[in-house]
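Just entry_20.cif here, mmCIF, C-alpha atoms and all ligand atoms:
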data_start
loop_
_atom_site.label_atom_id
_atom_site.label_comp_id
_atom_site.auth_asym_id
_atom_site.auth_seq_id
_atom_site.Cartn_x
_atom_site.Cartn_y
_atom_site.Cartn_z
CA MET A 1 51.22 -47.22 0.09
CA LYS A 2 50.53 -47.39 -3.63
CA MET A 3 46.82 -47.59 -2.85
CA PHE A 4 47.00 -44.45 -0.74
CA ARG A 5 48.76 -42.50 -3.41
CA LYS A 6 45.81 -43.12 -5.68
CA ILE A 7 43.13 -42.56 -3.08
CA ILE A 8 44.45 -39.32 -1.56
CA PRO A 9 44.05 -37.12 -4.67
CA VAL A 10 40.54 -38.52 -5.12
CA LEU A 11 39.73 -37.73 -1.50
CA ILE A 12 41.08 -34.22 -1.86
CA VAL A 13 38.90 -33.60 -4.89
CA ILE A 14 35.85 -34.91 -3.02
CA VAL A 15 36.56 -32.69 -0.01
CA ILE A 16 36.96 -29.64 -2.25
CA MET A 17 33.71 -30.38 -4.09
CA VAL A 18 31.73 -30.87 -0.89
CA THR A 19 33.15 -27.71 0.65
CA PHE A 20 32.32 -25.61 -2.36
CA SER A 21 28.82 -26.92 -2.79
CA ALA A 22 28.11 -26.25 0.89
CA CYS A 23 29.53 -22.73 0.95
CA GLY A 24 28.75 -21.61 -2.55
CA LYS A 25 25.78 -19.26 -2.65
CA ASP A 26 22.89 -20.48 -4.67
CA ASN A 27 22.60 -17.79 -7.27
CA ASN A 28 19.22 -18.94 -8.44
CA LYS A 29 17.64 -17.99 -5.15
CA LEU A 30 16.74 -14.71 -3.51
CA VAL A 31 16.58 -15.32 0.23
CA MET A 32 14.31 -12.94 2.14
CA ALA A 33 14.60 -12.62 5.90
CA THR A 34 11.36 -11.51 7.54
CA ASN A 35 9.27 -11.73 10.69
CA ALA A 36 5.91 -13.06 9.58
CA ALA A 37 3.87 -11.65 12.44
CA PHE A 38 3.20 -8.27 10.91
CA PRO A 39 -0.02 -8.17 8.89
CA PRO A 40 -0.69 -6.93 6.23
CA TYR A 41 3.04 -6.87 5.30
CA GLU A 42 3.92 -10.47 6.25
CA TYR A 43 1.80 -13.02 8.07
CA TYR A 44 0.70 -16.62 7.94
CA ASP A 45 -2.31 -17.66 5.93
CA ASN A 46 -2.46 -21.27 7.12
CA GLU A 47 1.01 -22.60 6.27
CA ALA A 48 1.88 -19.94 3.72
CA ILE A 49 3.57 -16.61 4.41
CA VAL A 50 1.72 -13.91 2.49
CA GLY A 51 1.39 -10.13 2.46
CA ILE A 52 2.56 -6.93 0.79
CA ASP A 53 6.29 -7.53 1.40
CA VAL A 54 6.05 -11.11 0.14
CA GLU A 55 4.42 -9.99 -3.11
CA ILE A 56 6.96 -7.20 -3.58
CA ALA A 57 9.77 -9.72 -3.02
CA LYS A 58 8.22 -12.14 -5.52
CA ALA A 59 7.93 -9.41 -8.14
CA ILE A 60 11.57 -8.41 -7.58
CA ALA A 61 12.76 -12.03 -7.65
CA GLU A 62 10.98 -12.52 -10.94
CA LYS A 63 12.70 -9.49 -12.44
CA LEU A 64 16.08 -10.81 -11.25
CA GLY A 65 15.30 -14.28 -12.59
CA LYS A 66 15.53 -15.85 -9.14
CA GLU A 67 13.37 -18.05 -6.99
CA LEU A 68 12.18 -16.41 -3.76
CA VAL A 69 12.93 -18.25 -0.52
CA ILE A 70 11.45 -16.85 2.71
CA GLU A 71 13.18 -17.26 6.08
CA ASP A 72 10.93 -16.40 9.02
CA MET A 73 12.82 -15.25 12.12
CA GLU A 74 12.68 -12.85 15.07
CA PHE A 75 12.54 -9.22 13.94
CA ASN A 76 15.80 -8.42 15.72
CA SER A 77 17.64 -11.20 13.82
CA ILE A 78 16.89 -9.84 10.35
CA ILE A 79 19.69 -7.26 10.06
CA GLY A 80 22.25 -9.80 11.27
CA ALA A 81 21.00 -12.35 8.74
CA VAL A 82 21.50 -9.82 5.95
CA GLN A 83 24.93 -8.76 7.25
CA THR A 84 26.22 -12.31 7.44
CA GLY A 85 24.79 -13.32 4.07
CA LYS A 86 22.35 -15.82 5.55
CA ALA A 87 19.75 -13.80 3.68
CA ASP A 88 20.07 -11.60 0.60
CA ILE A 89 17.41 -9.12 1.65
CA GLY A 90 15.54 -8.11 4.78
CA LEU A 91 11.94 -7.25 3.94
CA ALA A 92 9.80 -6.81 7.02
CA GLY A 93 8.03 -3.47 7.09
CA MET A 94 11.43 -2.24 8.16
CA THR A 95 11.87 1.46 8.82
CA VAL A 96 14.92 3.24 7.45
CA ARG A 97 16.97 4.53 10.38
CA GLU A 98 20.41 6.08 10.61
CA ASP A 99 21.56 3.51 13.17
CA ARG A 100 20.47 0.62 10.92
CA LEU A 101 22.31 2.21 7.97
CA VAL A 102 25.52 1.57 9.90
CA SER A 103 24.92 -2.18 9.47
CA VAL A 104 23.05 -2.51 6.16
CA ASN A 105 22.14 -0.57 3.05
CA PHE A 106 18.52 0.31 2.36
CA SER A 107 16.81 0.38 -1.01
CA VAL A 108 14.70 3.34 -2.03
CA PRO A 109 11.58 3.40 0.18
CA TYR A 110 8.57 1.45 -1.10
CA THR A 111 5.97 2.95 1.23
CA THR A 112 5.49 5.18 4.25
CA ALA A 113 4.02 4.34 7.63
CA SER A 114 3.65 5.74 11.13
CA GLN A 115 3.73 4.60 14.71
CA VAL A 116 0.35 4.75 16.40
CA ILE A 117 -0.95 4.14 19.90
CA ILE A 118 -3.51 1.43 20.66
CA VAL A 119 -5.47 1.67 23.91
CA ARG A 120 -8.50 -0.04 25.42
CA GLU A 121 -11.81 1.69 24.73
CA GLY A 122 -12.54 4.14 27.53
CA SER A 123 -8.85 4.59 28.35
CA ASP A 124 -7.79 7.95 29.79
CA ILE A 125 -4.78 7.96 27.42
CA ALA A 126 -5.64 10.40 24.64
CA SER A 127 -2.32 11.53 23.16
CA PRO A 128 1.36 10.53 23.05
CA ASP A 129 2.05 12.83 26.02
CA ASP A 130 -0.21 10.73 28.22
CA LEU A 131 2.10 7.73 27.81
CA ALA A 132 4.92 9.31 29.81
CA ASP A 133 4.46 7.28 33.02
CA LYS A 134 2.39 4.41 31.68
CA SER A 135 3.18 0.81 30.95
CA VAL A 136 3.62 0.48 27.19
CA GLY A 137 3.82 -2.73 25.15
CA VAL A 138 6.01 -2.85 22.02
CA GLN A 139 7.55 -5.38 19.67
CA GLU A 140 11.17 -5.72 20.72
CA SER A 141 13.77 -3.74 18.68
CA THR A 142 11.17 -2.04 16.50
CA THR A 143 10.95 1.70 16.06
CA GLY A 144 8.02 1.67 18.52
CA ASP A 145 10.37 0.19 21.12
CA ILE A 146 13.14 2.67 20.27
CA TYR A 147 10.89 5.77 20.49
CA VAL A 148 9.17 4.88 23.72
CA THR A 149 12.46 3.82 25.32
CA ASP A 150 14.28 6.99 24.22
CA GLU A 151 11.55 9.57 24.64
CA MET A 152 9.67 8.34 27.71
CA PRO A 153 12.19 7.56 30.41
CA ASP A 154 9.42 7.14 32.99
CA ALA A 155 7.33 4.74 30.94
CA ASP A 156 7.49 1.05 31.82
CA VAL A 157 8.34 -0.51 28.44
CA GLN A 158 7.23 -4.12 28.07
CA ARG A 159 8.93 -5.81 25.11
CA TYR A 160 7.35 -8.74 23.28
CA SER A 161 8.71 -10.88 20.49
CA LYS A 162 5.55 -10.29 18.43
CA GLY A 163 3.30 -7.26 18.13
CA VAL A 164 0.22 -9.41 18.65
CA GLU A 165 1.58 -10.49 22.05
CA ALA A 166 1.77 -6.84 23.09
CA VAL A 167 -1.85 -6.48 21.96
CA GLN A 168 -2.86 -9.54 24.02
CA ALA A 169 -1.17 -7.97 27.05
CA LEU A 170 -3.17 -4.80 26.44
CA ILE A 171 -6.43 -6.75 26.35
CA GLN A 172 -5.48 -8.53 29.58
CA GLY A 173 -4.69 -5.22 31.28
CA LYS A 174 -0.98 -6.01 31.67
CA VAL A 175 -0.03 -2.86 29.75
CA ASP A 176 -1.88 0.46 29.29
CA ALA A 177 -1.06 1.00 25.62
CA VAL A 178 0.74 -0.49 22.64
CA VAL A 179 2.92 1.50 20.24
CA ILE A 180 3.14 -0.14 16.84
CA ASP A 181 3.05 0.54 13.09
CA ASN A 182 -0.27 1.85 11.77
CA GLU A 183 -1.31 -0.93 9.40
CA PRO A 184 -0.64 -3.87 11.76
CA ALA A 185 -2.41 -1.78 14.42
CA LYS A 186 -5.52 -1.61 12.23
CA VAL A 187 -5.50 -5.36 11.70
CA PHE A 188 -5.02 -6.14 15.40
CA VAL A 189 -7.78 -3.72 16.45
CA GLN A 190 -10.12 -5.19 13.85
CA GLN A 191 -9.45 -8.67 15.22
CA ASN A 192 -9.92 -7.66 18.87
CA PRO A 193 -13.05 -5.79 19.94
CA GLY A 194 -12.66 -3.31 22.77
CA LEU A 195 -9.53 -1.61 21.43
CA GLN A 196 -9.03 1.67 19.61
CA ILE A 197 -6.26 3.55 17.81
CA LEU A 198 -5.62 7.12 18.95
CA PRO A 199 -6.12 9.62 16.14
CA GLU A 200 -2.79 11.35 16.70
CA ALA A 201 0.01 9.40 14.98
CA TYR A 202 3.37 9.42 16.62
CA THR A 203 5.87 9.44 13.74
CA VAL A 204 6.21 9.20 9.99
CA GLU A 205 8.57 6.56 8.65
CA ASP A 206 9.79 5.06 5.37
CA TYR A 207 9.84 1.31 4.80
CA ALA A 208 12.65 -0.04 2.64
CA ILE A 209 14.50 -3.26 1.83
CA ALA A 210 17.69 -4.05 3.77
CA ILE A 211 20.62 -5.33 1.70
CA SER A 212 24.18 -6.24 2.67
CA LYS A 213 26.71 -3.42 2.48
CA LYS A 214 28.94 -5.86 0.59
CA ASN A 215 26.42 -6.23 -2.21
CA GLU A 216 26.21 -2.89 -4.03
CA ASP A 217 25.23 -4.77 -7.19
CA LEU A 218 22.13 -6.25 -5.58
CA LEU A 219 21.24 -2.83 -4.14
CA ASN A 220 21.31 -1.31 -7.63
CA LYS A 221 19.31 -4.15 -9.13
CA ILE A 222 16.67 -3.94 -6.43
CA ASN A 223 16.38 -0.17 -6.74
CA LYS A 224 15.94 -0.56 -10.48
CA ALA A 225 13.28 -3.26 -9.98
CA LEU A 226 11.44 -1.14 -7.39
CA LYS A 227 11.48 1.84 -9.74
CA GLU A 228 9.94 -0.25 -12.52
CA LEU A 229 7.34 -1.77 -10.18
CA SER A 230 6.42 1.69 -8.98
CA GLU A 231 6.23 3.22 -12.47
CA ASP A 232 4.07 0.47 -13.96
CA GLY A 233 1.62 0.53 -11.03
CA THR A 234 2.45 -2.96 -9.70
CA LEU A 235 3.56 -1.65 -6.32
CA GLN A 236 0.36 0.32 -5.77
CA SER A 237 -1.82 -2.59 -6.84
CA ILE A 238 -0.04 -4.90 -4.38
CA ILE A 239 -0.62 -2.38 -1.58
CA ASP A 240 -4.27 -1.86 -2.60
CA LYS A 241 -4.85 -5.60 -2.51
CA TYR A 242 -4.07 -5.66 1.23
CA ILE A 243 -4.98 -2.16 2.43
CA SER A 244 -8.37 -0.71 1.69
CA ALA A 245 -8.40 3.06 1.26
CA ASP A 246 -10.04 4.84 4.17
N1 LIG B 301 8.67 -0.52 11.21
C1 LIG B 301 9.12 -1.03 12.45
C2 LIG B 301 10.62 -1.12 12.45
O1 LIG B 301 11.25 -1.09 11.44
C3 LIG B 301 8.52 -2.38 12.80
C4 LIG B 301 8.72 -3.46 11.81
C5 LIG B 301 8.30 -4.82 12.35
N2 LIG B 301 8.25 -5.77 11.29
C6 LIG B 301 7.95 -7.07 11.45
N3 LIG B 301 7.89 -7.82 10.38
N4 LIG B 301 7.72 -7.56 12.61
O2 LIG B 301 11.23 -1.24 13.48
#
Written as structure tokens, how would this file's structure read?
Amino acid sequence: MKMFRKIIPVLIVIVIMVTFSACGKDNNKLVMATNAAFPPYEYYDNEAIVGIDVEIAKAIAEKLGKELVIEDMEFNSIIGAVQTGKADIGLAGMTVREDRLVSVNFSVPYTTASQVIIVREGSDIASPDDLADKSVGVQESTTGDIYVTDEMPDADVQRYSKGVEAVQALIQGKVDAVVIDNEPAKVFVQQNPGLQILPEAYTVEDYAIAISKKNEDLLNKINKALKELSEDGTLQSIIDKYISAD
């Protein structure tokens, strides 16, 4: 019994220490949730995840004095990861939308984008209206998915976990068109002969960084960092490194 009386407090202390070190957030790290299948914003270059969003995140992390950690996941897991604190930020070419603002805060926008339509060369689809009763490939849960699903009730929407899979389906004739963000569209069309982007864009959108609603402080810090990066030209030079003016 005497033994136990000595051991129990020691055990309690150990349990408390282990619990805290496991739960305690590592304040030296900035964890970014992304979906690294979205060039030129985030994609794999061999083993490394690179791209515009990665460089923006690194520049922000540096300003906050933190080390950037990237967590690659499905696009539709990112908001949940930010909400639950698994990640500090969601940075994934993510469009600001009212329905997403219910779950997370968004930083000030860091760039604009649009949804475009990719078709096979020689396709009879020439404008968004022509999609109405076609089979359309999208990346699941993206704005492309949301628009086509909401606005084209007669379209057959095929949802893929990655944009590039939708593009493969288009090449194989499994879908008639793909609706996706303009810059990834350019990359995918460049990589796959026989495809073209329709001149008429579908939407205009703002990309911003998702941050937990519980972390107002981080939101303010990130907005401040983005403002500085924009004012000193860093943001534009990161974008120019990956997107050539056309
Ligand atoms: N901008 C679109 C959206 O917010 C697509 C983003 C997809 N991003 C990605 N990393 N896969 O829904």
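Proximity ranking of A:Pro199, A:Gly122, A:Pro184, A:Pro128 relative to ligand LIG 301 (chain B) places A:Pro184 first, based on all atoms listed in the file.
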Under the rule of at most 10 Å, produce a per-residue listing of chain A near ligand LIG 301 (chain B): chain, number, name, the closest pair of atoms, and the distance in Å, as CSV, using all atoms listed in the file.
residue,atom,partner,partner_atom,distance
A:Ala33,CA,B:LIG301,N3,9.4
A:Thr34,CA,B:LIG301,N3,5.8
A:Asn35,CA,B:LIG301,N3,4.2
A:Ala36,CA,B:LIG301,N3,5.7
A:Ala37,CA,B:LIG301,N4,5.6
A:Phe38,CA,B:LIG301,N3,4.7
A:Pro39,CA,B:LIG301,N3,8.1
A:Pro40,CA,B:LIG301,N3,9.6
A:Tyr41,CA,B:LIG301,N3,7.1
A:Glu42,CA,B:LIG301,N3,6.3
A:Tyr43,CA,B:LIG301,N3,8.3
A:Asp53,CA,B:LIG301,N3,9.1
A:Asp72,CA,B:LIG301,N3,9.2
A:Met73,CA,B:LIG301,N3,9.1
A:Glu74,CA,B:LIG301,N4,7.7
A:Phe75,CA,B:LIG301,N4,5.3
A:Asn76,CA,B:LIG301,N4,8.7
A:Ile78,CA,B:LIG301,N3,9.2
A:Gly90,CA,B:LIG301,N3,9.5
A:Leu91,CA,B:LIG301,N3,7.6
A:Ala92,CA,B:LIG301,N3,4.0
A:Gly93,CA,B:LIG301,C4,4.8
A:Met94,CA,B:LIG301,O1,3.5
A:Thr95,CA,B:LIG301,O1,3.7
A:Val96,CA,B:LIG301,O1,6.9
A:Arg97,CA,B:LIG301,O1,8.1
A:Arg100,CA,B:LIG301,O1,9.4
A:Thr112,CA,B:LIG301,N1,9.5
A:Ala113,CA,B:LIG301,N1,7.6
A:Ser114,CA,B:LIG301,N1,8.0
A:Gln115,CA,B:LIG301,N1,7.9
A:Val138,CA,B:LIG301,C3,9.6
A:Gln139,CA,B:LIG301,C5,7.4
A:Glu140,CA,B:LIG301,O2,8.5
A:Ser141,CA,B:LIG301,O2,6.3
A:Thr142,CA,B:LIG301,O2,3.1
A:Thr143,CA,B:LIG301,O2,3.9
A:Gly144,CA,B:LIG301,O2,6.6
A:Asp145,CA,B:LIG301,O2,7.8
A:Ile146,CA,B:LIG301,O2,8.1
A:Tyr147,CA,B:LIG301,O2,9.9
A:Ser161,CA,B:LIG301,N4,8.6
A:Lys162,CA,B:LIG301,N4,6.8
A:Gly163,CA,B:LIG301,N4,7.1
A:Val164,CA,B:LIG301,N4,9.8
A:Ile180,CA,B:LIG301,C3,7.1
A:Asp181,CA,B:LIG301,N1,6.0
A:Asn182,CA,B:LIG301,N1,9.3
A:Pro184,CA,B:LIG301,C5,9.0
A:Glu205,CA,B:LIG301,N1,7.5
A:Asp206,CA,B:LIG301,N1,8.2
A:Tyr207,CA,B:LIG301,N1,6.8
A:Ala208,CA,B:LIG301,O1,9.0
Filtering to C-alpha atoms, could you give me those residues as a compact mmCIF listing (two decimals), in the frame of the given file?
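Output saved as again-v4.txt:
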# COMPACT_ATOMS: atom_id res chain seq x y z
CA ALA A 33 14.60 -12.62 5.90
CA THR A 34 11.36 -11.51 7.54
CA ASN A 35 9.27 -11.73 10.69
CA ALA A 36 5.91 -13.06 9.58
CA ALA A 37 3.87 -11.65 12.44
CA PHE A 38 3.20 -8.27 10.91
CA PRO A 39 -0.02 -8.17 8.89
CA PRO A 40 -0.69 -6.93 6.23
CA TYR A 41 3.04 -6.87 5.30
CA GLU A 42 3.92 -10.47 6.25
CA TYR A 43 1.80 -13.02 8.07
CA ASP A 53 6.29 -7.53 1.40
CA ASP A 72 10.93 -16.40 9.02
CA MET A 73 12.82 -15.25 12.12
CA GLU A 74 12.68 -12.85 15.07
CA PHE A 75 12.54 -9.22 13.94
CA ASN A 76 15.80 -8.42 15.72
CA ILE A 78 16.89 -9.84 10.35
CA GLY A 90 15.54 -8.11 4.78
CA LEU A 91 11.94 -7.25 3.94
CA ALA A 92 9.80 -6.81 7.02
CA GLY A 93 8.03 -3.47 7.09
CA MET A 94 11.43 -2.24 8.16
CA THR A 95 11.87 1.46 8.82
CA VAL A 96 14.92 3.24 7.45
CA ARG A 97 16.97 4.53 10.38
CA ARG A 100 20.47 0.62 10.92
CA THR A 112 5.49 5.18 4.25
CA ALA A 113 4.02 4.34 7.63
CA SER A 114 3.65 5.74 11.13
CA GLN A 115 3.73 4.60 14.71
CA VAL A 138 6.01 -2.85 22.02
CA GLN A 139 7.55 -5.38 19.67
CA GLU A 140 11.17 -5.72 20.72
CA SER A 141 13.77 -3.74 18.68
CA THR A 142 11.17 -2.04 16.50
CA THR A 143 10.95 1.70 16.06
CA GLY A 144 8.02 1.67 18.52
CA ASP A 145 10.37 0.19 21.12
CA ILE A 146 13.14 2.67 20.27
CA TYR A 147 10.89 5.77 20.49
CA SER A 161 8.71 -10.88 20.49
CA LYS A 162 5.55 -10.29 18.43
CA GLY A 163 3.30 -7.26 18.13
CA VAL A 164 0.22 -9.41 18.65
CA ILE A 180 3.14 -0.14 16.84
CA ASP A 181 3.05 0.54 13.09
CA ASN A 182 -0.27 1.85 11.77
CA PRO A 184 -0.64 -3.87 11.76
CA GLU A 205 8.57 6.56 8.65
CA ASP A 206 9.79 5.06 5.37
CA TYR A 207 9.84 1.31 4.80
CA ALA A 208 12.65 -0.04 2.64
### Query
Skipping near chain neighbours, those fewer than 3 positions away, what residues fall within 6 Å of Ile117 of chain A using all atoms listed in the file, listed as a count of residues only?
4
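Counting all atoms listed in the file, the residue from A:Ala201, A:Ala59, A:Ile89, A:Val82 that sits nearest to Ile118 of chain A is A:Ala201.
The residue that comes closest to Glu62 of chain A, out of A:Leu101, A:Leu235, A:Ala225, A:Ile243 and on the basis of only C-alpha atoms, is A:Ala225.
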#### Entry: Point-to-point distance from atom CA of Ile60 of chain A to atom CA of Leu30 of chain A, Å rounded to tenths
9.1 Å
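Between atom CA of Gly233 of chain A and atom CA of Ile56 of chain A the separation is 12.0 Å.
Among A:Ser103, A:Arg159, A:Gly173, A:Ile222, the residue with the shortest atom-to-atom distance to Arg120 of chain A, counting all atoms listed in the file, is A:Gly173.
In terms of minimum interatomic distance to Ser244 of chain A, A:Val187 ranks closest within A:Ala87, A:Ile49, A:Met152, A:Val187, counting all atoms listed in the file.
Note that atom CA of Gly137 of chain A and atom CA of Tyr160 of chain A are 7.2 Å apart.
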